[in-house]
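Note sheet for the following structure.
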Amino acid sequence: MPELIEVERYRRLAEGVLGRPIGAVTVDPLAAVPHAVDDVADRLVGRSAVAARRIGKLLLCDLDDGGTLGLRFGMTGRLLLDGVAGLDDLQYGSNREEPRWDRFRLDLLDGGSLVVRDPRRLGRVELDPDEGRLGPDAATVGVDALTRVLAGSTTALKARLLDQGRLAGLGNLLADEVCWRSRLDPARPAGTLDRREVAALARTIRTTVAELDRRGGSHLGDLQAARDGRTACPRCGGAVLRRRIGGRTTISCATEQR
DNA sequence: CCGGATGTTCACCT
DNA sequence: GAGGTGAACATCCG
């Protein structure tokens, strides 16, 4: 799933649900919803969404009673409005049409529907999620905010960039891509970046998110070929490193990234 | 059968 | 408190 880019697509899709009252709610009994299923239905039936927002990978649908429905998509969650997917090709997810993977469904009074289809069930549905737990959104992060994310930390740069409480929206693929484009070693202690490096990284995060959004997804970065098995850096032809950093498989150029 | 996968969270160490 | 690791979640895919 969905990193920031994919969830932004879902957000745009979700705008199509605004003003359309909810008639019924169906929740997969195994789906991770930290509420009683009946409570979710009680809160949503009869309501309609008035705005669709996004912070990082969290999609927020503001309701006409002042509440908010929060949707997370895990690694394989897709969003469908009126049966149409917001995203066709989700890597690592299956794109087969399997209604049995529908974990959360809003049936609208006008006959339409909003559905979270998630084979692995790693997505989450939450009422009134705590938005304060998320850091600033990566799509618009500036040098000052990024400085606050990195300064004084001995943690690996990549692990810090993936920490949603400090910077919201980057996932494993985007984090590797921005480190590679910035020629920064993802294992380097975050606090060792100087002002110039932090400023360049902030710019690279914004431009990379925008560019991969135009290309169509987080998996369309220049580094993806190396992730898929090539052993040469697509820029210099040197050796590619495959390590685990921050608990995630990490691809980087052994010579360029310092 | 095995390992790994765009994620989050929690228990358990150091 | 700060971080690291590993497991768990559940399922598909190569």
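Here, A, B, ... name the chains of the structure tokens in the order displayed, residue numbers run from 1 inside each chain, and ligands are numbered from 1 in the same displayed order.
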At most 7 Å is the cut-off: for each residue in chain A with any atom that close to an atom of chain C, write down the nearest atom pair and the distance in Å rounded to one decimal, counting only C-alpha atoms (C1' of nucleotides), chain first then increasing number, as JSON lines.
{"residue": "A:Ser94", "atom": "CA", "partner": "C:DC12", "partner_atom": "C1'", "distance": 6.8}
{"residue": "A:Pro119", "atom": "CA", "partner": "C:DT11", "partner_atom": "C1'", "distance": 5.9}
{"residue": "A:Arg120", "atom": "CA", "partner": "C:DA10", "partner_atom": "C1'", "distance": 4.8}
{"residue": "A:Arg121", "atom": "CA", "partner": "C:DA10", "partner_atom": "C1'", "distance": 6.1}
{"residue": "A:Leu122", "atom": "CA", "partner": "C:DC9", "partner_atom": "C1'", "distance": 6.8}
{"residue": "A:Thr155", "atom": "CA", "partner": "C:DG3", "partner_atom": "C1'", "distance": 7.0}
- Message: Taking the DSSP secondary structure from the backbone, can you list the residues of range 13-238 of chain A that are alpha helix (DSSP H), as a ChimeraX atom specification?
- Response: /A:13-14,37-44,143-150,157-162,172-181,195-215,224-227
- Item | Test item: residues at most 9 Å from Thr204 in chain A, only C-alpha atoms (C1' of nucleotides), excluding those fewer than 5 positions along its chain, as an MDAnalysis selection string | chainID A and resid 178:179 181:182 199 209
- Message: Within 12 Å of chain B, which residues belong to chain A? Use only C-alpha atoms (C1' of nucleotides) and report them as number ranges by chain.
- Response: A: 1-7, 32, 57-58, 72-78, 89-94, 120-124, 162-165, 169-176, 217-221, 224, 227-228, 247-249
- Task: From range 60-216 of chain A, collect each residue whose DSSP state is strand (DSSP E or B) and return the set as a PyMOL selection string.
- Result: chain A and resi 60-63+68-72+78-81+84-85+102-108+113-117+124-127+137+156+168+189
- Pick from A:Ala225, A:Ala139, A:Ala254, A:Ala168: nearest to Asp185 in chain A, with only C-alpha atoms counted?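 Checking each candidate against Asp185 in chain A, we get A:Ala254 as the closest.
A straight line drawn from CA of Ala52 in chain A to CA of Thr26 in chain A is 20.4 Å long.
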- Message: Show me, as a list of chain:residue names, the residues that have an atom within 8 Å of Pro21 in chain A when counting only C-alpha atoms (C1' of nucleotides), minus same-chain residues fewer than 4 positions from it.
- Response: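 Those residues are A:Val45, A:Gly46, A:Arg47, A:Ser48, A:Ala49, A:Leu108, A:Leu109, A:Asp110.
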Next, dump the selected residues to file, keeping only N, CA, C and O atoms, as an mmCIF file, in the first residue's frame.
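What landed in out-v2.cif:
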data_model
loop_
_atom_site.group_PDB
_atom_site.id
_atom_site.type_symbol
_atom_site.label_atom_id
_atom_site.label_comp_id
_atom_site.auth_asym_id
_atom_site.auth_seq_id
_atom_site.Cartn_x
_atom_site.Cartn_y
_atom_site.Cartn_z
ATOM 1 N N VAL A 45 -24.279 5.381 10.246
ATOM 2 C CA VAL A 45 -25.529 5.315 9.495
ATOM 3 C C VAL A 45 -26.299 6.638 9.629
ATOM 4 O O VAL A 45 -26.470 7.159 10.727
ATOM 5 N N GLY A 46 -26.693 7.151 8.485
ATOM 6 C CA GLY A 46 -27.419 8.416 8.470
ATOM 7 C C GLY A 46 -26.503 9.624 8.291
ATOM 8 O O GLY A 46 -26.969 10.713 7.982
ATOM 9 N N ARG A 47 -25.208 9.413 8.497
ATOM 10 C CA ARG A 47 -24.250 10.513 8.333
ATOM 11 C C ARG A 47 -23.823 10.597 6.861
ATOM 12 O O ARG A 47 -24.027 9.670 6.082
ATOM 13 N N SER A 48 -23.199 11.718 6.534
ATOM 14 C CA SER A 48 -22.510 11.808 5.257
ATOM 15 C C SER A 48 -21.196 12.536 5.492
ATOM 16 O O SER A 48 -21.046 13.250 6.480
ATOM 17 N N ALA A 49 -20.251 12.305 4.591
ATOM 18 C CA ALA A 49 -18.946 12.957 4.727
ATOM 19 C C ALA A 49 -19.011 14.336 4.095
ATOM 20 O O ALA A 49 -19.682 14.545 3.081
ATOM 21 N N LEU A 108 -24.319 3.436 0.393
ATOM 22 C CA LEU A 108 -24.912 4.772 0.417
ATOM 23 C C LEU A 108 -26.390 4.697 0.055
ATOM 24 O O LEU A 108 -26.819 3.791 -0.664
ATOM 25 N N LEU A 109 -27.127 5.676 0.553
ATOM 26 C CA LEU A 109 -28.574 5.659 0.305
ATOM 27 C C LEU A 109 -28.899 5.783 -1.177
ATOM 28 O O LEU A 109 -29.955 5.344 -1.630
ATOM 29 N N ASP A 110 -27.970 6.356 -1.951
ATOM 30 C CA ASP A 110 -28.245 6.523 -3.378
ATOM 31 C C ASP A 110 -27.882 5.281 -4.197
ATOM 32 O O ASP A 110 -27.933 5.302 -5.430
#
- Task: Tell me, in Å to one decimal, how far CA of Cys61 in chain A is from CA of Asp118 in chain A.
- Result: 18.6 Å
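Here CA of Gly86 in chain A stands at a distance of 23.4 Å from CA of Asp128 in chain A.
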